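First comes the structure, then the notes that go with it.
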Amino acid sequence: MLEQLFRPKWRHKDANIRIQAVKAMRADDPVRLQLAQEDPSAEVRAIAVAELSDARALARSCAADPSPEVAHAARQRLSRWLAGMATDSPPLAQRLQGVAELEDEAVLGFVLEQAREAELRQQAIARIVSETLLARCIANEASGELRLQMVERLADETLLQQVIREIRTRDKRVARRAREKLEQIQ
């Protein structure tokens with residue numbers, strides 16, 4: 001009985017009380033990480049990952065949490081954190097390392113589309129497997145060099161034709177390279 005009086009709120013059997021405890025924790029609190037990974041309530045795990053500051057734990061939650069709600073919250077947090085859009089985003093070197101270890105295409109796509117730093121976008125390009133995602137991002141990429149890197153990764157005829165249509169008046173060099181690749185395929 002005495003044990004129950006002094007039990008931390010994050011160990012309470014009521015999920016609502018655990019949620020309140022998580023909201024009061026710092027982002028780097030080890031208990032938050034534990035709850036994000038192990039709490040039986042998906043709602044508690046989702047709240048815990050929403051402010052987590054551990055890229056590997058967030059990536060694990062994206063990939064392995066059985067709850068779509070938790071995976072979505074982790075993906076949103078990781079995307080904004082790595083892209084440098086969160087108020088507590090780490091320095092560029094740490095974000096580059098996080099992207100280098102990442103396999104989640106949705107997060108990589110977000111980083112490619114939203115990150116301000118060209119080095120970070122370049123790292124995302126190197127990690128993205130989906131040609132469709134790369135082709136979609138070419139037209140909106142500010143850097144001609146990065147657009148060219150994305151075209152080099154394309155091998156699908158339809159996607160190369162799409163890129164040529166979208167970019168031919170804005171970046172002749174990229175459009176020319178896409179045409180060359182298309183001719184090699186045909």
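Convention: chains lettered A, B, ... in structure tokens order; per-chain residue numbering from 1; ligands numbered from 1 as shown.
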>> Taking 4 positions as the minimum chain separation for residues in the same chain, which residues sit within 12 Å of range 7-9 of chain A when counting only C-alpha atoms? Answer as a ChimeraX atom specification.
In response: /A:1-3,13-25,31,35
> Got a sec: who's within 10 Å of Gln76 in chain A, counting only C-alpha atoms, leaving out chain neighbours fewer than 2 positions off, as a ChimeraX atom specification?
Replying inline: /A:49-50,58,62,70-74,78-81,106-107,110
>> Between CA of Leu108 in chain A and CA of Gln184 in chain A, what is the distance in Å, rounded to a tenth?
In response: 28.7 Å
> Any idea what's packed within 9 Å of range 90-102 of chain A, counting only C-alpha atoms, ignoring anything in its chain fewer than 6 positions away? Could you give it as a ChimeraX atom specification?
Replying inline: /A:53,55-56,59,81-84,108,111,117,119-120,123-124,126-127
>> Report, in Å to a single decimal, how far apart CA of Asp88 in chain A and CA of Asp65 in chain A are.
In response: 23.7 Å
> Which residue gives the smallest distance to Leu160 in chain A among A:Thr132, A:Thr87, A:Ser41, A:Ser67, with only C-alpha atoms counted?
Replying inline: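 Residue with the minimum atom-to-atom distance to Leu160 in chain A: A:Thr132.
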> Near Cys137 in chain A, within 9 Å and counting only C-alpha atoms, which residues show up once chain neighbours fewer than 6 positions away are dropped, as a VMD selection string?
Replying inline: chain A and resid 109 112 to 113 147 150
> Within 12 Å of Asn140 in chain A, counting only C-alpha atoms, which residues qualify if same-chain residues fewer than 4 places away don't, as a PyMOL selection string?
Replying inline: chain A and resi 112-114+133-136+144+146-147+150+163+166-167+170-171
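The smallest atom-to-atom distance between Ala142 in chain A and any of A:Ile47, A:Ala42, A:Gln122, A:Pro66, using only C-alpha atoms, is found for A:Gln122.
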>> For a test of reading the model, state the distance in Å between CA of Ala36 in chain A and CA of His12 in chain A, rounded to one decimal.
In response: 15.2 Å
> Can you list every residue in range 14-133 of chain A that DSSP puts in helix (DSSP H, G or I), as a PyMOL selection string?
Replying inline: chain A and resi 15-23+30-38+42-49+55-64+68-83+92-100+105-114+118-127+131-133
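In this comparison, which uses only C-alpha atoms, the residue of A:Gln34, A:Val174, A:Arg168, A:Glu180 approaching Val151 in chain A most closely is A:Val174.
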>> Residues within 10 Å of Arg153 in chain A, please, as a PyMOL selection string. Count only C-alpha atoms; anything in the same chain fewer than 4 positions from it doesn't count.
In response: chain A and resi 125-126+128-131+134-135+148-149
Take the residues from that selection and put them in a file with N, CA and C atoms, as a tab-separated table (two decimals), in the first residue's frame.
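Saved the output as part-v9.tsv:
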chain	number	residue	atom	x	y	z
A	125	ILE	N	19.01	12.23	-50.82
A	125	ILE	CA	19.00	11.70	-52.18
A	125	ILE	C	19.76	10.38	-52.23
A	126	ALA	N	20.90	10.33	-51.58
A	126	ALA	CA	21.73	9.13	-51.59
A	126	ALA	C	21.03	7.94	-50.93
A	128	ILE	N	17.52	7.55	-50.66
A	128	ILE	CA	16.20	7.24	-51.22
A	128	ILE	C	16.33	6.16	-52.29
A	129	VAL	N	15.47	5.17	-52.21
A	129	VAL	CA	15.45	4.07	-53.15
A	129	VAL	C	14.38	4.30	-54.24
A	130	SER	N	13.29	4.92	-53.86
A	130	SER	CA	12.14	5.09	-54.76
A	130	SER	C	12.43	6.11	-55.87
A	131	GLU	N	12.44	5.63	-57.10
A	131	GLU	CA	12.62	6.52	-58.24
A	131	GLU	C	11.44	7.48	-58.37
A	134	LEU	N	12.05	10.39	-56.09
A	134	LEU	CA	13.09	11.26	-56.64
A	134	LEU	C	12.54	12.10	-57.79
A	135	ALA	N	11.80	11.46	-58.70
A	135	ALA	CA	11.25	12.19	-59.85
A	135	ALA	C	10.29	13.28	-59.40
A	148	LEU	N	20.36	17.28	-60.87
A	148	LEU	CA	21.14	16.41	-61.75
A	148	LEU	C	21.45	15.07	-61.05
A	149	GLN	N	21.78	15.11	-59.78
A	149	GLN	CA	22.04	13.88	-59.03
A	149	GLN	C	20.79	12.98	-59.01
